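Quick look at query15.txt (compact mmCIF, C-alpha atoms and all ligand atoms):
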```
# COMPACT_ATOMS: atom_id res chain seq x y z
CA MET A 30 113.87 104.97 108.04
CA SER A 31 114.80 101.61 109.48
CA LEU A 32 113.60 98.04 109.30
CA VAL A 33 115.19 97.04 112.61
CA ASP A 34 113.00 94.44 114.32
CA LYS A 35 110.94 94.01 111.12
CA VAL A 36 110.53 90.71 109.31
CA VAL A 37 110.03 90.79 105.55
CA ALA A 38 109.31 87.84 103.25
CA ILE A 39 110.49 88.33 99.66
CA THR A 40 109.59 85.91 96.88
CA GLY A 41 112.01 85.27 94.04
CA ALA A 42 114.81 86.61 96.24
CA GLY A 43 117.48 84.35 94.72
CA HIS A 44 118.14 86.42 91.61
CA GLY A 45 117.65 89.84 90.09
CA ILE A 46 115.46 92.50 91.66
CA GLY A 47 114.26 90.26 94.53
CA ARG A 48 117.80 89.47 95.62
CA ARG A 49 118.68 93.18 95.77
CA GLU A 50 115.49 93.84 97.72
CA ALA A 51 116.47 91.13 100.23
CA LEU A 52 119.95 92.63 100.65
CA GLU A 53 118.47 96.13 101.08
CA VAL A 54 115.98 94.99 103.73
CA ALA A 55 118.80 93.20 105.60
CA ALA A 56 121.08 96.24 105.32
CA LEU A 57 118.33 98.33 106.92
CA GLY A 58 118.21 95.91 109.85
CA GLY A 59 115.30 93.70 108.83
CA SER A 60 115.17 89.91 108.94
CA VAL A 61 114.39 88.27 105.61
CA VAL A 62 112.50 85.17 104.55
CA VAL A 63 114.05 84.33 101.18
CA ALA A 64 111.36 82.51 99.21
CA GLU A 65 112.83 81.04 96.05
CA PHE A 66 112.14 78.30 93.51
CA ASP A 67 115.86 77.95 92.71
CA ALA A 68 117.08 76.52 96.03
CA ASP A 69 120.79 77.06 95.25
CA ALA A 70 120.28 80.72 94.41
CA GLY A 71 118.10 81.13 97.50
CA ALA A 72 120.78 79.57 99.72
CA GLU A 73 123.39 81.91 98.20
CA ALA A 74 121.16 84.90 98.96
CA VAL A 75 120.83 83.78 102.58
CA LYS A 76 124.62 83.33 102.79
CA GLU A 77 125.22 86.78 101.32
CA ILE A 78 122.86 88.39 103.83
CA GLU A 79 124.44 86.52 106.74
CA ALA A 80 127.94 87.41 105.53
CA GLY A 81 126.89 91.05 105.77
CA GLY A 82 125.76 90.55 109.36
CA GLY A 83 122.06 90.16 108.55
CA ARG A 84 119.50 87.49 109.35
CA ALA A 85 117.73 85.36 106.76
CA VAL A 86 116.06 82.01 106.30
CA LEU A 87 115.28 80.15 103.08
CA VAL A 88 111.96 78.66 102.02
CA ALA A 89 112.58 76.79 98.77
CA GLY A 90 109.61 76.09 96.53
CA ASP A 91 107.02 77.34 94.08
CA VAL A 92 105.20 80.42 95.41
CA ALA A 93 102.03 79.47 93.54
CA ASP A 94 101.78 76.36 95.75
CA THR A 95 99.63 77.29 98.76
CA ALA A 96 101.60 74.89 101.00
CA VAL A 97 104.77 76.83 100.14
CA ALA A 98 102.96 80.12 100.77
CA ASP A 99 101.90 78.87 104.21
CA ALA A 100 105.49 77.73 104.86
CA ILE A 101 106.75 81.26 104.06
CA VAL A 102 104.51 82.79 106.72
CA ALA A 103 105.34 79.98 109.17
CA ALA A 104 109.10 80.47 108.60
CA ALA A 105 108.79 84.18 109.44
CA VAL A 106 106.88 83.51 112.64
CA ASP A 107 108.84 80.41 113.73
CA THR A 108 112.30 81.82 112.95
CA PHE A 109 111.93 85.51 113.70
CA GLY A 110 108.74 85.67 115.79
CA ARG A 111 106.66 87.84 113.49
CA LEU A 112 105.84 88.88 109.92
CA ASP A 113 105.68 92.58 109.04
CA ALA A 114 105.78 92.72 105.26
CA VAL A 115 105.61 90.55 102.15
CA VAL A 116 107.15 91.44 98.81
CA ASN A 117 105.67 89.37 96.00
CA ASN A 118 108.31 89.48 93.30
CA ALA A 119 108.81 85.95 91.91
CA GLY A 120 108.01 85.33 88.28
CA PHE A 121 109.15 84.56 84.77
CA LEU A 122 108.27 85.27 81.13
CA ARG A 123 107.04 83.08 78.28
CA ASP A 124 106.86 85.73 75.57
CA ARG A 125 105.08 84.89 72.32
CA THR A 126 102.78 86.77 69.96
CA PHE A 127 99.19 85.96 70.78
CA VAL A 128 98.30 83.73 67.83
CA LYS A 129 101.34 81.55 68.52
CA MET A 130 100.87 81.45 72.30
CA THR A 131 100.07 77.98 73.63
CA ALA A 132 97.67 77.31 76.48
CA ASP A 133 100.64 76.10 78.56
CA GLU A 134 102.52 79.37 77.97
CA TRP A 135 99.37 81.22 79.04
CA ASP A 136 98.77 79.07 82.13
CA ASP A 137 102.39 79.02 83.35
CA VAL A 138 102.71 82.81 83.36
CA ILE A 139 99.27 83.44 84.86
CA ARG A 140 100.06 80.84 87.51
CA VAL A 141 103.44 82.11 88.65
CA HIS A 142 102.49 85.80 88.82
CA LEU A 143 98.80 85.84 89.63
CA ARG A 144 98.35 82.67 91.66
CA GLY A 145 101.82 83.28 93.15
CA HIS A 146 100.81 86.76 94.32
CA TYR A 147 97.47 85.41 95.53
CA ALA A 148 98.91 82.48 97.48
CA VAL A 149 101.51 84.38 99.50
CA ALA A 150 99.36 87.49 99.98
CA HIS A 151 96.46 85.32 101.11
CA ALA A 152 98.54 83.36 103.64
CA ALA A 153 99.93 86.64 104.98
CA CYS A 154 96.53 88.38 105.17
CA VAL A 155 94.98 85.45 107.05
CA HIS A 156 97.91 85.61 109.47
CA TRP A 157 97.63 89.40 109.90
CA ARG A 158 93.86 89.22 110.43
CA ASP A 159 94.27 86.54 113.09
CA ALA A 160 97.34 88.09 114.75
CA GLY A 161 95.82 91.59 114.70
CA THR A 162 99.21 93.10 113.94
CA GLY A 163 98.56 94.74 110.58
CA GLY A 164 101.02 94.24 107.75
CA ARG A 165 102.45 95.57 104.50
CA LEU A 166 102.14 93.96 101.07
CA VAL A 167 104.19 94.99 98.06
CA GLY A 168 103.24 93.41 94.74
CA THR A 169 105.32 93.50 91.57
CA SER A 170 103.55 94.47 88.37
CA SER A 171 104.92 95.77 85.09
CA THR A 172 104.24 98.47 82.58
CA ALA A 173 103.37 95.53 80.30
CA GLY A 174 100.27 95.14 82.47
CA LEU A 175 99.43 98.83 82.71
CA LEU A 176 100.15 99.81 79.11
CA GLY A 177 100.35 96.55 77.17
CA ASN A 178 103.52 95.23 75.56
CA PHE A 179 103.83 93.40 72.25
CA GLY A 180 104.32 89.64 72.70
CA GLN A 181 103.26 89.62 76.35
CA ALA A 182 99.49 88.95 76.40
CA ASN A 183 99.96 86.32 79.14
CA TYR A 184 102.38 88.39 81.22
CA GLY A 185 100.47 91.66 80.76
CA ALA A 186 97.20 90.00 81.79
CA ALA A 187 98.87 88.58 84.91
CA LYS A 188 100.53 91.89 85.80
CA ALA A 189 97.29 93.86 85.28
CA GLY A 190 95.66 91.31 87.56
CA VAL A 191 98.32 91.96 90.21
CA VAL A 192 97.32 95.65 90.25
CA ALA A 193 93.59 94.88 90.48
CA MET A 194 94.17 92.32 93.23
CA SER A 195 96.32 94.73 95.23
CA SER A 196 93.79 97.57 95.04
CA ILE A 197 91.01 95.26 96.25
CA ILE A 198 93.16 93.78 99.05
CA ALA A 199 93.98 97.39 100.06
CA GLN A 200 90.27 98.16 100.42
CA GLU A 201 89.27 94.90 102.12
CA MET A 202 92.22 94.69 104.52
CA ALA A 203 92.27 98.34 105.64
CA ARG A 204 90.12 97.37 108.64
CA TYR A 205 92.90 94.97 109.74
CA GLY A 206 95.65 97.57 109.39
CA VAL A 207 97.05 95.97 106.24
CA VAL A 208 98.28 98.17 103.39
CA SER A 209 98.89 96.91 99.86
CA ASN A 210 100.87 98.62 97.12
CA VAL A 211 102.48 97.66 93.82
CA VAL A 212 105.71 98.56 92.10
CA CYS A 213 106.37 98.38 88.38
CA PRO A 214 110.15 98.01 88.26
CA ALA A 215 112.47 98.28 85.31
CA ALA A 216 115.99 96.93 85.63
CA ARG A 217 118.63 94.94 83.82
CA THR A 218 118.27 91.33 85.03
CA ARG A 219 118.40 87.92 83.39
CA MET A 220 114.66 88.43 82.71
CA THR A 221 115.21 91.54 80.64
CA SER A 222 118.57 90.64 79.12
CA GLY A 223 116.65 88.29 76.82
CA ALA A 224 114.35 91.12 75.78
CA TYR A 225 116.75 94.05 75.69
CA GLY A 226 120.29 92.66 75.53
CA GLU A 227 123.01 93.89 77.82
CA ILE A 228 122.73 97.55 78.67
CA GLY A 229 125.84 98.80 80.37
CA GLY A 230 126.08 101.40 83.07
CA GLY A 231 127.95 104.65 82.67
CA GLU A 232 130.20 106.94 84.64
CA GLY A 233 129.57 105.49 88.08
CA TRP A 234 125.80 105.63 87.78
CA ASP A 235 124.00 102.63 86.35
CA PHE A 236 120.41 103.73 85.77
CA TRP A 237 119.14 100.22 84.99
CA SER A 238 120.82 98.41 87.90
CA PRO A 239 118.35 96.25 89.88
CA ASP A 240 119.93 97.80 93.00
CA ASN A 241 117.93 100.94 92.25
CA VAL A 242 114.52 99.31 92.70
CA ALA A 243 115.25 98.08 96.24
CA PRO A 244 115.10 101.35 98.24
CA MET A 245 111.50 102.17 97.28
CA VAL A 246 110.39 98.60 97.98
CA ALA A 247 112.10 98.69 101.39
CA PHE A 248 110.40 102.04 102.07
CA LEU A 249 106.99 100.51 101.30
CA CYS A 250 107.81 97.71 103.79
CA SER A 251 108.58 100.23 106.53
CA ASP A 252 106.44 102.25 108.90
CA ALA A 253 107.74 105.36 107.14
CA ALA A 254 105.27 104.55 104.33
CA GLY A 255 102.43 105.17 106.82
CA THR A 256 98.98 104.60 105.39
CA ILE A 257 99.95 104.68 101.70
CA SER A 258 97.80 101.92 100.19
CA GLY A 259 96.21 100.78 96.95
CA LYS A 260 98.86 102.66 94.95
CA VAL A 261 101.03 101.76 91.96
CA PHE A 262 104.56 103.12 91.63
CA GLY A 263 106.91 102.99 88.66
CA VAL A 264 110.45 102.45 89.98
CA GLN A 265 113.62 102.58 87.92
CA GLY A 266 116.99 104.27 88.19
CA ASP A 267 116.59 107.40 90.29
CA VAL A 268 112.91 107.75 89.34
CA VAL A 269 109.77 106.95 91.33
CA GLU A 270 106.52 107.54 89.43
CA LEU A 271 102.91 107.41 90.60
CA TYR A 272 100.64 105.56 88.17
CA GLU A 273 96.87 105.87 88.02
CA PRO A 274 95.90 102.79 86.08
CA PHE A 275 92.58 101.98 84.49
CA THR A 276 90.98 105.39 84.96
CA SER A 277 88.16 106.80 82.83
CA VAL A 278 89.47 109.62 80.67
CA ALA A 279 86.31 110.76 78.85
CA PHE A 280 82.57 110.14 78.78
CA ILE A 281 79.46 110.76 76.68
CA ARG A 282 75.81 110.54 77.78
CA ASN A 283 72.55 110.17 75.89
CA GLY A 284 69.96 112.18 77.84
CA GLU A 285 68.62 109.29 79.94
CA ARG A 286 67.82 107.16 76.87
CA ARG A 287 69.33 103.89 75.56
CA TRP A 288 71.81 104.55 72.81
CA THR A 289 70.80 103.74 69.22
CA GLN A 290 73.44 102.43 66.83
CA ASP A 291 73.33 105.68 64.84
CA GLU A 292 73.78 107.77 68.00
CA LEU A 293 76.77 105.65 69.04
CA ALA A 294 78.34 105.95 65.60
CA ALA A 295 77.99 109.74 65.90
CA GLY A 296 78.92 109.97 69.61
CA VAL A 297 81.82 107.55 70.15
CA PRO A 298 84.35 109.67 68.20
CA GLY A 299 83.68 112.37 70.80
CA LEU A 300 85.28 110.12 73.45
CA PHE A 301 88.54 110.12 71.52
CA ALA A 302 88.33 113.85 70.84
CA GLN A 303 87.81 114.61 74.56
CA ALA A 304 90.68 112.34 75.58
CA GLY A 305 93.02 113.42 72.80
CA ARG A 306 93.46 109.78 71.77
CA ASP A 307 93.46 108.12 68.37
CA PRO A 308 90.76 105.48 67.91
CA GLU A 309 93.32 103.12 66.31
CA VAL A 310 95.50 100.82 68.42
CA GLU A 311 98.32 102.75 70.05
CA ASN A 312 101.74 101.68 71.23
CA MET A 313 101.14 102.73 74.82
CA MET A 314 104.69 101.72 75.77
CA ALA A 315 105.81 104.71 73.68
CA ARG A 316 104.32 106.85 76.48
CA LEU A 317 106.90 105.57 78.96
CA ARG A 318 109.05 108.35 80.36
CA PHE A 319 112.04 106.02 80.59
CA SER A 320 112.56 103.14 78.20
CA MET A 321 115.11 100.34 78.30
CA THR A 322 114.74 99.96 74.57
CA ASP A 323 116.01 103.46 73.82
CA ARG A 324 119.62 102.43 74.09
CA SER A 325 120.91 104.87 71.50
CA LYS A 326 120.21 107.84 73.77
CA ARG A 327 121.11 106.13 77.02
CA ALA A 328 124.60 107.62 77.14
CA ALA A 329 123.00 111.05 77.57
CA GLY A 330 120.74 109.68 80.30
CA PRO A 331 117.21 108.35 80.17
CA VAL A 332 114.97 110.03 77.64
CA ALA A 333 111.79 111.82 78.69
CA GLN A 334 109.14 110.49 76.32
CA GLY A 335 105.93 112.09 77.40
N1 LIG B 401 113.51 93.33 85.21
C1 LIG B 401 112.59 94.18 84.82
O1 LIG B 401 112.87 95.18 84.12
C2 LIG B 401 111.17 93.97 85.23
C3 LIG B 401 110.19 94.82 84.67
C4 LIG B 401 108.87 94.69 85.09
C5 LIG B 401 108.55 93.74 86.03
N2 LIG B 401 109.51 92.90 86.53
C6 LIG B 401 109.11 91.92 87.52
O2 LIG B 401 110.03 91.92 88.59
C7 LIG B 401 110.07 90.63 89.18
C8 LIG B 401 111.52 90.16 89.28
O3 LIG B 401 112.05 90.02 87.98
P1 LIG B 401 113.61 89.98 87.67
O4 LIG B 401 113.82 90.86 86.50
O5 LIG B 401 114.38 90.20 88.89
O6 LIG B 401 113.76 88.46 87.16
P2 LIG B 401 114.75 87.30 87.61
O7 LIG B 401 114.51 86.18 86.67
O8 LIG B 401 116.15 87.83 87.75
O9 LIG B 401 114.24 86.92 89.07
C9 LIG B 401 113.01 86.26 89.27
C10 LIG B 401 113.16 85.34 90.46
O10 LIG B 401 111.92 84.67 90.70
C11 LIG B 401 112.20 83.29 90.94
N3 LIG B 401 111.02 82.48 90.64
C12 LIG B 401 110.49 82.24 89.42
N4 LIG B 401 109.41 81.44 89.54
C13 LIG B 401 109.26 81.18 90.86
C14 LIG B 401 108.32 80.43 91.61
N5 LIG B 401 107.32 79.76 91.01
N6 LIG B 401 108.47 80.37 92.96
C15 LIG B 401 109.49 81.03 93.57
N7 LIG B 401 110.40 81.77 92.90
C16 LIG B 401 110.29 81.83 91.56
C17 LIG B 401 113.36 82.99 90.02
O11 LIG B 401 114.02 81.78 90.37
C18 LIG B 401 114.20 84.24 90.23
O12 LIG B 401 115.03 84.12 91.37
C19 LIG B 401 109.17 89.74 88.32
O13 LIG B 401 107.89 89.66 88.89
C20 LIG B 401 109.11 90.49 87.02
O14 LIG B 401 107.96 90.17 86.28
C21 LIG B 401 110.81 93.00 86.15
```
So, in terms of structure tokens, how does the structure I just supplied come out?
Amino acid sequence: MSLVDKVVAITGAGHGIGRREALEVAALGGSVVVAEFDADAGAEAVKEIEAGGGRAVLVAGDVADTAVADAIVAAAVDTFGRLDAVVNNAGFLRDRTFVKMTADEWDDVIRVHLRGHYAVAHAACVHWRDAGTGGRLVGTSSTAGLLGNFGQANYGAAKAGVVAMSSIIAQEMARYGVVSNVVCPAARTRMTSGAYGEIGGGEGWDFWSPDNVAPMVAFLCSDAAGTISGKVFGVQGDVVELYEPFTSVAFIRNGERRWTQDELAAGVPGLFAQAGRDPEVENMMARLRFSMTDRSKRAAGPVAQG
């Protein structure tokens, strides 16, 4: 697999997972548009890529600003002559339990992730439709969006929205040769150090290194990924998972009649029985196969949880 002659725009490429993705794409021969709010970090990423013999250009700005999104596509075309893939990765957290969450904390997180994904994906899709070249989108969601995580109503809503948006783009843009997929990464970055503290590596293999997310993202940017589209992958350590979010797991019917309240009271428990689920609220994050919070068992390797 190679990204030689490919041009990939990566948002939030100044720090963390995005920076490692940018370095990976460059190492595989691709040219990178580093899109980053933190201009100094973005410039450092460009320098690091160039020092390694790669090609990169910086677009500094807020990815949720449509003018910046347009500038990202323009930079790819003007500097490198084409745009092959976009990795939407930029974002931040404003964690707070729901009753304490302010409207600003809600808006800021929805804006950076959801409008940010929209703006850059939209600019790229318009370009790909007009250029007739096809293209590859990779969005960045989170298990907080798929499963729900305490204290992250804003972030989880945005990340669930990223998955829904990607699956609809995948359907609508198939006719233009555009594929759209999503990764749910897990890695030790400044974003998660606040939530999980420092989690060290061990014996030459650091499961939670952000380096480990980059190969799968680069693969999804490459022709080797073929027609894979509308899919959601969990990516952490040496693990790649396939998620099937928001799928019906049980159903009841009422013989072609409207339900009465009594019939629902009698029938609804059958949904939970069929699905093997408790009716009470569940900690869905406890279903994760690999958890950053389970530090006690990390020395023995990640813990299979279900
Ligand atoms: N680290 C994890 O375990 C984890 C888990 C699930 C999802 N994610 C997602 O992965 C992505 C990367 O997270 P990370 O852990 O590397 O965090 P990070 O803070 O290290 O990196 C995020 C980058 O995005 C940039 N950014 C923020 N707002 C921006 C904006 N408006 N415009 C342009 N750039 C902006 C930041 O400056 C930073 O460089 C995020 O979307 C995050 O939600 C991370």
**Message:** Neighbouring residues of stretch 143-158 of chain A were defined as those with any atom within 6 Å, considering all atoms listed in the file; residues of the same chain fewer than 3 positions away were excluded. Please report them as a PyMOL selection string.
**Reply:** chain A and resi 92-93+95+98-99+117+139-140+161-163+187+205
**Prompt:** Interatomic distance between atom CA of A:Arg49 and atom CA of A:Gly190?
**Reply:**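 Taking atom CA of A:Arg49 and atom CA of A:Gly190, their separation equals 24.5 Å.
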**Request:** May I ask for the distance between atom CA of A:Ala104 and atom CA of A:Val212, given in Å to one decimal place?
**Result:**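 Taking atom CA of A:Ala104 and atom CA of A:Val212, their separation equals 24.7 Å.
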Enumerate as a PDB file with C-alpha atoms, keeping the file's coordinate frame the residues within 8 Å of ligand LIG 401 (chain B), counting all atoms listed in the file.
```
ATOM      1  CA  THR A  40     109.590  85.910  96.880  1.00  0.00           C
ATOM      2  CA  GLY A  41     112.010  85.270  94.040  1.00  0.00           C
ATOM      3  CA  ALA A  42     114.810  86.610  96.240  1.00  0.00           C
ATOM      4  CA  GLY A  43     117.480  84.350  94.720  1.00  0.00           C
ATOM      5  CA  HIS A  44     118.140  86.420  91.610  1.00  0.00           C
ATOM      6  CA  GLY A  45     117.650  89.840  90.090  1.00  0.00           C
ATOM      7  CA  ILE A  46     115.460  92.500  91.660  1.00  0.00           C
ATOM      8  CA  GLY A  47     114.260  90.260  94.530  1.00  0.00           C
ATOM      9  CA  ARG A  48     117.800  89.470  95.620  1.00  0.00           C
ATOM     10  CA  ALA A  64     111.360  82.510  99.210  1.00  0.00           C
ATOM     11  CA  GLU A  65     112.830  81.040  96.050  1.00  0.00           C
ATOM     12  CA  PHE A  66     112.140  78.300  93.510  1.00  0.00           C
ATOM     13  CA  ASP A  67     115.860  77.950  92.710  1.00  0.00           C
ATOM     14  CA  ALA A  70     120.280  80.720  94.410  1.00  0.00           C
ATOM     15  CA  GLY A  71     118.100  81.130  97.500  1.00  0.00           C
ATOM     16  CA  ALA A  89     112.580  76.790  98.770  1.00  0.00           C
ATOM     17  CA  GLY A  90     109.610  76.090  96.530  1.00  0.00           C
ATOM     18  CA  ASP A  91     107.020  77.340  94.080  1.00  0.00           C
ATOM     19  CA  VAL A  92     105.200  80.420  95.410  1.00  0.00           C
ATOM     20  CA  ALA A  93     102.030  79.470  93.540  1.00  0.00           C
ATOM     21  CA  ASN A 117     105.670  89.370  96.000  1.00  0.00           C
ATOM     22  CA  ASN A 118     108.310  89.480  93.300  1.00  0.00           C
ATOM     23  CA  ALA A 119     108.810  85.950  91.910  1.00  0.00           C
ATOM     24  CA  GLY A 120     108.010  85.330  88.280  1.00  0.00           C
ATOM     25  CA  PHE A 121     109.150  84.560  84.770  1.00  0.00           C
ATOM     26  CA  LEU A 122     108.270  85.270  81.130  1.00  0.00           C
ATOM     27  CA  VAL A 141     103.440  82.110  88.650  1.00  0.00           C
ATOM     28  CA  HIS A 142     102.490  85.800  88.820  1.00  0.00           C
ATOM     29  CA  GLY A 145     101.820  83.280  93.150  1.00  0.00           C
ATOM     30  CA  THR A 169     105.320  93.500  91.570  1.00  0.00           C
ATOM     31  CA  SER A 170     103.550  94.470  88.370  1.00  0.00           C
ATOM     32  CA  SER A 171     104.920  95.770  85.090  1.00  0.00           C
ATOM     33  CA  THR A 172     104.240  98.470  82.580  1.00  0.00           C
ATOM     34  CA  ALA A 173     103.370  95.530  80.300  1.00  0.00           C
ATOM     35  CA  TYR A 184     102.380  88.390  81.220  1.00  0.00           C
ATOM     36  CA  LYS A 188     100.530  91.890  85.800  1.00  0.00           C
ATOM     37  CA  CYS A 213     106.370  98.380  88.380  1.00  0.00           C
ATOM     38  CA  PRO A 214     110.150  98.010  88.260  1.00  0.00           C
ATOM     39  CA  ALA A 215     112.470  98.280  85.310  1.00  0.00           C
ATOM     40  CA  ALA A 216     115.990  96.930  85.630  1.00  0.00           C
ATOM     41  CA  ARG A 217     118.630  94.940  83.820  1.00  0.00           C
ATOM     42  CA  THR A 218     118.270  91.330  85.030  1.00  0.00           C
ATOM     43  CA  ARG A 219     118.400  87.920  83.390  1.00  0.00           C
ATOM     44  CA  MET A 220     114.660  88.430  82.710  1.00  0.00           C
ATOM     45  CA  THR A 221     115.210  91.540  80.640  1.00  0.00           C
ATOM     46  CA  PRO A 239     118.350  96.250  89.880  1.00  0.00           C
TER      47      PRO A 239
END
```
**Item:** Residue contacts of A:Phe236 (7 Å, all atoms listed in the file) excluding same-chain residues fewer than 2 positions away, as a list in words
**Value:** Gly230, Trp234, Ser238, Gly266 and Asp267 of chain A
**Message:** Give me, as number ranges by chain, all polymer residues having an atom no more than 12 Å from A:Leu57, counting all atoms listed in the file and skipping those fewer than 6 positions away in the same chain.
**Reply:** A: 30-37, 50-51, 78, 81-84, 243-244, 246-248, 250-251
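For the set A:Ala193, A:Trp237, A:Val167, A:Ala182, the residue with the smallest atom-to-atom gap to A:Ala254 is A:Val167, counting only C-alpha atoms.
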**Asked** Which residue out of A:Glu273, A:Asp235, A:Glu292, A:Glu309 has the minimum interatomic distance to A:Val192 when all atoms listed in the file are used?
**Response**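 Smallest distance to A:Val192 is found for A:Glu273.
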**Asked** For A:Ser320, which residue among A:Asp307, A:Val297, A:Val63, A:Val264 is the nearest when counting only C-alpha atoms?
**Response** A:Val264
**Request:** May I ask for the distance between atom CA of A:Phe301 and atom CA of A:Tyr272, given in Å to one decimal place?
**Result:**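 So the answer is 21.1 Å.
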**Asked** At a cut-off of 12 Å from (110.4, 84.3, 115.0) in the coordinates of the file, what residues are picked up using only C-alpha atoms, written as a ChimeraX atom specification?
**Response** /A:34-37,60-62,84-86,101-113
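For the set A:Arg125, A:Arg282, A:Lys260, A:Arg318, the residue with the smallest atom-to-atom gap to A:Gly299 is A:Arg282, counting only C-alpha atoms.
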**Asked** Between A:Leu317, A:Ala189, A:Val278, A:Val208, which has the minimum distance to A:Leu300 (counting all atoms listed in the file)?
**Response** A:Val278
Please determine an axis-aligned box that encloses all atoms of stretch 259-268 of chain A listed in the file, with 6 Å added on each side, and express its centre and edge lengths in Å to one decimal as AutoDock Vina command-line options.
```
--center_x 106.6 --center_y 104.3 --center_z 92.4 --size_x 32.8 --size_y 19.0 --size_z 21.0
```
**Request:** Determine the nearest neighbour of A:Ser258 from the options A:Ala203, A:Ala295, A:Val138, A:Ala302, counting all atoms listed in the file.
**Result:** A:Ala203
Atom completion result for stretch 308-324 of chain A (N, CA and C atoms) as an mmCIF file, in the coordinates of the input:
```cif
data_model
loop_
_atom_site.group_PDB
_atom_site.id
_atom_site.type_symbol
_atom_site.label_atom_id
_atom_site.label_comp_id
_atom_site.auth_asym_id
_atom_site.auth_seq_id
_atom_site.Cartn_x
_atom_site.Cartn_y
_atom_site.Cartn_z
ATOM 1 N N PRO A 308 91.571 106.695 67.744
ATOM 2 C CA PRO A 308 90.760 105.480 67.910
ATOM 3 C C PRO A 308 91.534 104.205 67.558
ATOM 4 N N GLU A 309 92.556 104.308 66.713
ATOM 5 C CA GLU A 309 93.320 103.120 66.310
ATOM 6 C C GLU A 309 94.186 102.630 67.474
ATOM 7 N N VAL A 310 94.625 101.375 67.379
ATOM 8 C CA VAL A 310 95.500 100.820 68.420
ATOM 9 C C VAL A 310 96.750 101.686 68.540
ATOM 10 N N GLU A 311 97.129 101.923 69.795
ATOM 11 C CA GLU A 311 98.320 102.750 70.050
ATOM 12 C C GLU A 311 99.400 101.900 70.690
ATOM 13 N N ASN A 312 100.634 102.274 70.472
ATOM 14 C CA ASN A 312 101.740 101.680 71.230
ATOM 15 C C ASN A 312 101.868 102.470 72.524
ATOM 16 N N MET A 313 101.156 101.995 73.550
ATOM 17 C CA MET A 313 101.140 102.730 74.820
ATOM 18 C C MET A 313 102.510 102.754 75.483
ATOM 19 N N MET A 314 103.354 101.743 75.178
ATOM 20 C CA MET A 314 104.690 101.720 75.770
ATOM 21 C C MET A 314 105.500 102.939 75.300
ATOM 22 N N ALA A 315 105.113 103.513 74.165
ATOM 23 C CA ALA A 315 105.810 104.710 73.680
ATOM 24 C C ALA A 315 105.575 105.891 74.609
ATOM 25 N N ARG A 316 104.575 105.766 75.515
ATOM 26 C CA ARG A 316 104.320 106.850 76.480
ATOM 27 C C ARG A 316 105.213 106.758 77.708
ATOM 28 N N LEU A 317 105.998 105.685 77.807
ATOM 29 C CA LEU A 317 106.900 105.570 78.960
ATOM 30 C C LEU A 317 107.854 106.762 79.008
ATOM 31 N N ARG A 318 108.069 107.262 80.216
ATOM 32 C CA ARG A 318 109.050 108.350 80.360
ATOM 33 C C ARG A 318 110.460 107.834 80.177
ATOM 34 N N PHE A 319 110.695 106.584 80.617
ATOM 35 C CA PHE A 319 112.040 106.020 80.590
ATOM 36 C C PHE A 319 111.939 104.631 79.971
ATOM 37 N N SER A 320 112.701 104.387 78.930
ATOM 38 C CA SER A 320 112.560 103.140 78.200
ATOM 39 C C SER A 320 113.884 102.424 78.085
ATOM 40 N N MET A 321 113.880 101.128 78.428
ATOM 41 C CA MET A 321 115.110 100.340 78.300
ATOM 42 C C MET A 321 115.461 100.111 76.839
ATOM 43 N N THR A 322 114.475 100.260 75.971
ATOM 44 C CA THR A 322 114.740 99.960 74.570
ATOM 45 C C THR A 322 115.443 101.112 73.864
ATOM 46 N N ASP A 323 115.423 102.290 74.471
ATOM 47 C CA ASP A 323 116.010 103.460 73.820
ATOM 48 C C ASP A 323 117.491 103.554 74.147
ATOM 49 N N ARG A 324 118.218 102.526 73.694
ATOM 50 C CA ARG A 324 119.620 102.430 74.090
ATOM 51 C C ARG A 324 120.477 103.479 73.420
#
```
